Amino acid sequence: MAERDYVRIFDTTLRDGEQSPGCSMNVGEKRRLACQLDRLGVDVLEAGFPISSEGDFQAVRAVAQEIRRPVIAALARCCQADIERAWQAVEAAERPRIHTFLATSDIHLQHKLKISRRDCLERARDAVCLAKSFCQDVEFSPEDATRSDVEFLCEVLEAVIVAGATTVNIPDTVGYAVPAEYADLISTLRNRVRGIEQVTISAHCHNDLGLAVANSLAAVAAGARQVECTINGIGERAGNASLEEVVMAMRVRPDRYPYCTTVATEHLFPSSQLLTAITGVGVQPNKAIIGRNAFAHEAGIHQDGMIKNPLTYEIMTPQSVGVPSTRLVMGKHSGRHALQIRCERMGFQLNGRELDMVYRLFIALADHAKVVDDGRILDLIRQVRIARTSSRECSGQPRTPLASDAHVGAMPVTQLSNAVERAPAPPLVTTGNESEQHEDYLWGV
Ligand code: KIV
Ligand code: ZN
């Protein structure tokens with residue numbers, strides 16, 4: 001694999017991600033998630049900010065001792081106590097990294113740090129020198145880089161590279177940049193900073209304008225070869241770039257992003273689930289890649305397309321990201337074809353007339369219920385069956401069984417049919433004017 005094509009994935013779920021409200025993790029939780037991130041195949045695992053608390057120090061140390069494959073990074077401000085503590089936490093790692101940061105924007109220098117640009121440059125250089133005295137692998141981040149004066153940013157980066165930094169990270173700390181601008185900044189730094197070709201350039205984007213992933217990808221296209229991101233996109237305020245989105249954009253669109261990672265994408269969904277289980281903080285249903293609806297289809301036309309060929313409406317398979325399967329959600333936008341397939345999966349081969357009747361009841365019900373689950377569909381089949389049987393009995397015809405001998409999951413159809421028989425009769429769902437309805441209202445495919 002050519003170095004030029006390889007993008008390192010730096011996971012900061014346990015550090016920047018943990019800084020999001022409700023997402024703090026104890027030592028045991030960090031260890032569990034770190035094991036999963038190792039399985040996922042991230043290159044760098046930022047385990048925490050050791051000076052921030054005794055608990056975080058212990059967590060970073062435990063991760064550094066147990067997780068052997070990835071680089072284990074610890075965060076430190078540009079001061080001696082932080083750097084020494086970070087080193088104590090990661091020194092047992094197979095591949096330790098100290099990640100030290102200092103703001104470079106005038107806004108931060110004047111209002112937060114109250115230091116001059118000269119002080120800032122010296123502090124950054126001294127901090128990297130100190131970190132380097134402990135550890136070969138040192139990352140430096142000029143916090144708020146995207147709102148910093150570019151000339152000054154170049155000066156600081158040049159100084160820290162001379163001092164021994166091996167990665168220079170360019171944080172869009174407040175999520176202010178837009179993709180073309182962020183890409184331009186990376187290109188400018190590549191052109192102007194002496195020695196930058198010897199180090200890895202890293203992108204670190206926050207999502208305040210919803211552009212964290214777009215900015216990260218733009219940075220990669222401009223020459224960044226490390227992306228800092230988090231599972232589920234958790235992080236300060238609106239979060240960090242979402243790891244699963246960055247990785248899958250490169251995986252699904254190699255024509256536009258001809259870069260590779262070593263992420264085992266089938267572990268994306270399990271990683272997301274584990275994080276949610278640990279923090280209790282869920283993701284929105286429409287979240288790309290790992291949201292509940294990311295592989296769910298409700299519209300009739302979409303369901304029909306999906307049944308014919310999933311390529312029609314899915315650009316990646318659910319299995320490729322570890323989601324067990326596509327879901328055809330039965331709601332008011334669903335069509336006859338999807339309902340027929342759902343009935344067949346439950347063991348009921350309906351003829352055209354029966355399907356029409358079930359579908360009509362289904363649409364009436366779906367108008368009121370957001371989602372119609374399998375139990376409700378079974379009720380509808382039962383209603384149709386009872387209605388058909390009694391009309392046949394009146395006309396003296398024999399009763400035709402509706403169920404085939406297929407299985408629903410592990411439940412044989414005979415059992416299912418019995419369940420249908422035994423279920424109490426549900427109230428008949430009507431639209432109020434069924435006698436006036438014609439078959440051609442069944443527009444659903
Ligand atoms: O957003 C930021 O600037 C950071 C740095 C500490 C890298 O998280
Ligand atoms: Zn950050």
# chains A, B, ... in the order shown; residues from 1 in each chain; ligands from 1
call {"tool": "closest_atom_pairs", "arguments": {"of": "chain A", "to": "ligand 1", "cutoff": "6 Å", "atoms": "only C-alpha atoms and all ligand atoms", "output": "tab-separated table"}}
result
residue	atom	partner	partner_atom_place_in_ligand_line	distance
A:Asp16	CA	ligand 1	8 (O)	5.8
A:Phe101	CA	ligand 1	6 (C)	5.7
A:Ser141	CA	ligand 1	7 (C)	5.3
A:Glu143	CA	ligand 1	3 (O)	4.2
A:Asp144	CA	ligand 1	3 (O)	5.7
A:Pro171	CA	ligand 1	3 (O)	4.8
A:Thr173	CA	ligand 1	1 (O)	3.7
call {"tool": "closest_atom_pairs", "arguments": {"of": "chain A", "to": "ligand 2", "cutoff": "10 Å", "atoms": "only C-alpha atoms and all ligand atoms", "output": "CSV"}}
result
residue,atom,partner,partner_atom_place_in_ligand_line,distance
A:Thr12,CA,ligand 2,1 (Zn),8.5
A:Arg15,CA,ligand 2,1 (Zn),8.8
A:Asp16,CA,ligand 2,1 (Zn),5.5
A:Gly17,CA,ligand 2,1 (Zn),8.4
A:Gln19,CA,ligand 2,1 (Zn),9.0
A:Ser141,CA,ligand 2,1 (Zn),9.7
A:Glu143,CA,ligand 2,1 (Zn),8.3
A:Asp144,CA,ligand 2,1 (Zn),9.2
A:Pro171,CA,ligand 2,1 (Zn),6.7
A:Asp172,CA,ligand 2,1 (Zn),7.6
A:Thr173,CA,ligand 2,1 (Zn),5.5
A:Val174,CA,ligand 2,1 (Zn),8.2
A:Gly175,CA,ligand 2,1 (Zn),9.2
A:His204,CA,ligand 2,1 (Zn),6.5
A:Cys205,CA,ligand 2,1 (Zn),6.9
A:His206,CA,ligand 2,1 (Zn),6.4
A:Asn207,CA,ligand 2,1 (Zn),9.8
A:Glu228,CA,ligand 2,1 (Zn),8.6
A:Cys229,CA,ligand 2,1 (Zn),8.9
A:Gly235,CA,ligand 2,1 (Zn),7.3
A:Glu236,CA,ligand 2,1 (Zn),6.9
A:Arg237,CA,ligand 2,1 (Zn),9.9
A:Gly239,CA,ligand 2,1 (Zn),8.3
A:Asn240,CA,ligand 2,1 (Zn),6.7
A:Ala241,CA,ligand 2,1 (Zn),9.5
call {"tool": "write_last_selection", "arguments": {"atoms": "N, CA and C atoms", "output": "mmCIF file, in the first residue's frame"}}
result
data_model
loop_
_atom_site.group_PDB
_atom_site.id
_atom_site.type_symbol
_atom_site.label_atom_id
_atom_site.label_comp_id
_atom_site.auth_asym_id
_atom_site.auth_seq_id
_atom_site.Cartn_x
_atom_site.Cartn_y
_atom_site.Cartn_z
ATOM 1 N N THR A 12 -10.570 9.725 18.549
ATOM 2 C CA THR A 12 -10.512 10.510 19.796
ATOM 3 C C THR A 12 -11.837 10.422 20.571
ATOM 4 N N ARG A 15 -11.315 10.764 24.185
ATOM 5 C CA ARG A 15 -10.802 12.052 24.682
ATOM 6 C C ARG A 15 -11.728 13.205 24.273
ATOM 7 N N ASP A 16 -11.707 13.603 22.990
ATOM 8 C CA ASP A 16 -12.563 14.715 22.585
ATOM 9 C C ASP A 16 -14.034 14.283 22.673
ATOM 10 N N GLY A 17 -14.291 13.027 22.289
ATOM 11 C CA GLY A 17 -15.668 12.503 22.346
ATOM 12 C C GLY A 17 -16.194 12.517 23.757
ATOM 13 N N GLN A 19 -15.586 14.475 25.958
ATOM 14 C CA GLN A 19 -15.877 15.835 26.437
ATOM 15 C C GLN A 19 -17.303 16.275 26.109
ATOM 16 N N SER A 141 -0.739 20.292 18.181
ATOM 17 C CA SER A 141 -1.947 20.914 17.633
ATOM 18 C C SER A 141 -1.988 22.396 17.974
ATOM 19 N N GLU A 143 -4.219 24.946 18.551
ATOM 20 C CA GLU A 143 -5.679 25.025 18.751
ATOM 21 C C GLU A 143 -6.239 26.266 18.042
ATOM 22 N N ASP A 144 -7.424 26.141 17.515
ATOM 23 C CA ASP A 144 -8.087 27.239 16.780
ATOM 24 C C ASP A 144 -7.264 27.663 15.561
ATOM 25 N N PRO A 171 -6.393 21.913 13.904
ATOM 26 C CA PRO A 171 -7.768 21.851 14.407
ATOM 27 C C PRO A 171 -8.652 23.000 13.925
ATOM 28 N N ASP A 172 -9.826 22.621 13.477
ATOM 29 C CA ASP A 172 -10.885 23.612 13.266
ATOM 30 C C ASP A 172 -11.714 23.537 14.556
ATOM 31 N N THR A 173 -11.127 24.097 15.593
ATOM 32 C CA THR A 173 -11.624 23.913 16.963
ATOM 33 C C THR A 173 -13.087 24.306 17.137
ATOM 34 N N VAL A 174 -13.495 25.369 16.467
ATOM 35 C CA VAL A 174 -14.860 25.859 16.682
ATOM 36 C C VAL A 174 -15.784 25.565 15.496
ATOM 37 N N GLY A 175 -15.331 24.703 14.597
ATOM 38 C CA GLY A 175 -16.188 24.289 13.478
ATOM 39 C C GLY A 175 -16.582 25.446 12.580
ATOM 40 N N HIS A 204 -8.516 17.874 12.030
ATOM 41 C CA HIS A 204 -9.301 17.702 13.267
ATOM 42 C C HIS A 204 -10.449 18.707 13.165
ATOM 43 N N CYS A 205 -11.635 18.221 12.857
ATOM 44 C CA CYS A 205 -12.733 19.152 12.551
ATOM 45 C C CYS A 205 -13.915 18.976 13.491
ATOM 46 N N HIS A 206 -14.462 20.113 13.896
ATOM 47 C CA HIS A 206 -15.675 20.086 14.724
ATOM 48 C C HIS A 206 -16.876 20.429 13.848
ATOM 49 N N ASN A 207 -18.042 20.072 14.349
ATOM 50 C CA ASN A 207 -19.222 20.001 13.474
ATOM 51 C C ASN A 207 -20.223 21.137 13.682
ATOM 52 N N GLU A 228 -8.725 12.964 12.452
ATOM 53 C CA GLU A 228 -9.127 12.747 13.841
ATOM 54 C C GLU A 228 -10.654 12.763 13.895
ATOM 55 N N CYS A 229 -11.214 11.746 14.490
ATOM 56 C CA CYS A 229 -12.673 11.601 14.424
ATOM 57 C C CYS A 229 -13.166 10.746 15.591
ATOM 58 N N GLY A 235 -18.601 14.575 20.606
ATOM 59 C CA GLY A 235 -17.523 15.515 20.894
ATOM 60 C C GLY A 235 -18.093 16.830 21.384
ATOM 61 N N GLU A 236 -17.192 17.731 21.719
ATOM 62 C CA GLU A 236 -17.584 19.058 22.217
ATOM 63 C C GLU A 236 -18.696 19.669 21.358
ATOM 64 N N ARG A 237 -19.681 20.273 21.998
ATOM 65 C CA ARG A 237 -20.786 20.982 21.306
ATOM 66 C C ARG A 237 -21.468 20.101 20.255
ATOM 67 N N GLY A 239 -20.061 18.218 18.194
ATOM 68 C CA GLY A 239 -19.310 16.986 17.976
ATOM 69 C C GLY A 239 -18.117 17.135 17.046
ATOM 70 N N ASN A 240 -17.458 15.986 16.855
ATOM 71 C CA ASN A 240 -16.293 15.903 15.961
ATOM 72 C C ASN A 240 -16.732 15.242 14.656
ATOM 73 N N ALA A 241 -15.813 15.147 13.712
ATOM 74 C CA ALA A 241 -16.114 14.412 12.473
ATOM 75 C C ALA A 241 -16.434 12.968 12.850
#
call {"tool": "closest_residue", "arguments": {"among": "A:Ala64, A:Ile83, A:Val138, A:Ile289", "to": "Glu314 in chain A", "atoms": "only C-alpha atoms"}}
result
A:Ile289
call {"tool": "atom_distance", "arguments": {"atom1": "CA of Ile341 in chain A", "atom2": "CA of Val358 in chain A"}}
result
12.7 Å
call {"tool": "closest_atom_pairs", "arguments": {"of": "range 229-279 of chain A", "to": "range 315-336 of chain A", "cutoff": "8 Å", "atoms": "only C-alpha atoms", "output": "JSON lines"}}
result
{"residue": "A:Val252", "atom": "CA", "partner": "A:Met316", "partner_atom": "CA", "distance": 7.0}
{"residue": "A:Thr265", "atom": "CA", "partner": "A:Val321", "partner_atom": "CA", "distance": 5.0}
{"residue": "A:Glu266", "atom": "CA", "partner": "A:Gly322", "partner_atom": "CA", "distance": 4.1}
{"residue": "A:His267", "atom": "CA", "partner": "A:Gly322", "partner_atom": "CA", "distance": 5.7}
{"residue": "A:Leu268", "atom": "CA", "partner": "A:Val321", "partner_atom": "CA", "distance": 5.4}
{"residue": "A:Phe269", "atom": "CA", "partner": "A:Gly322", "partner_atom": "CA", "distance": 5.1}
{"residue": "A:Pro270", "atom": "CA", "partner": "A:Gly322", "partner_atom": "CA", "distance": 6.6}
call {"tool": "write_last_selection", "arguments": {"atoms": "N, CA and C atoms", "output": "PDB file, in the first residue's frame"}}
result
ATOM      1  N   VAL A 252     -16.778   3.986  -0.123  1.00  0.00           N
ATOM      2  CA  VAL A 252     -17.830   3.911  -1.150  1.00  0.00           C
ATOM      3  C   VAL A 252     -17.458   4.722  -2.401  1.00  0.00           C
ATOM      4  N   THR A 265     -14.654  -2.290   8.392  1.00  0.00           N
ATOM      5  CA  THR A 265     -15.919  -1.547   8.414  1.00  0.00           C
ATOM      6  C   THR A 265     -17.079  -2.334   9.031  1.00  0.00           C
ATOM      7  N   GLU A 266     -16.982  -3.662   8.995  1.00  0.00           N
ATOM      8  CA  GLU A 266     -18.081  -4.455   9.587  1.00  0.00           C
ATOM      9  C   GLU A 266     -18.135  -4.281  11.109  1.00  0.00           C
ATOM     10  N   HIS A 267     -17.138  -3.623  11.677  1.00  0.00           N
ATOM     11  CA  HIS A 267     -17.175  -3.341  13.118  1.00  0.00           C
ATOM     12  C   HIS A 267     -17.713  -1.942  13.425  1.00  0.00           C
ATOM     13  N   LEU A 268     -18.130  -1.208  12.391  1.00  0.00           N
ATOM     14  CA  LEU A 268     -18.604   0.164  12.650  1.00  0.00           C
ATOM     15  C   LEU A 268     -19.884   0.161  13.481  1.00  0.00           C
ATOM     16  N   PHE A 269     -20.858  -0.603  13.052  1.00  0.00           N
ATOM     17  CA  PHE A 269     -22.141  -0.598  13.774  1.00  0.00           C
ATOM     18  C   PHE A 269     -21.979  -1.165  15.195  1.00  0.00           C
ATOM     19  N   PRO A 270     -21.279  -2.304  15.362  1.00  0.00           N
ATOM     20  CA  PRO A 270     -21.058  -2.773  16.739  1.00  0.00           C
ATOM     21  C   PRO A 270     -20.344  -1.734  17.608  1.00  0.00           C
TER      22      PRO A 270
END
call {"tool": "closest_residue", "arguments": {"among": "A:Ala264, A:Val213, A:Val44, A:Leu339", "to": "Thr167 in chain A", "atoms": "only C-alpha atoms"}}
result
A:Val44
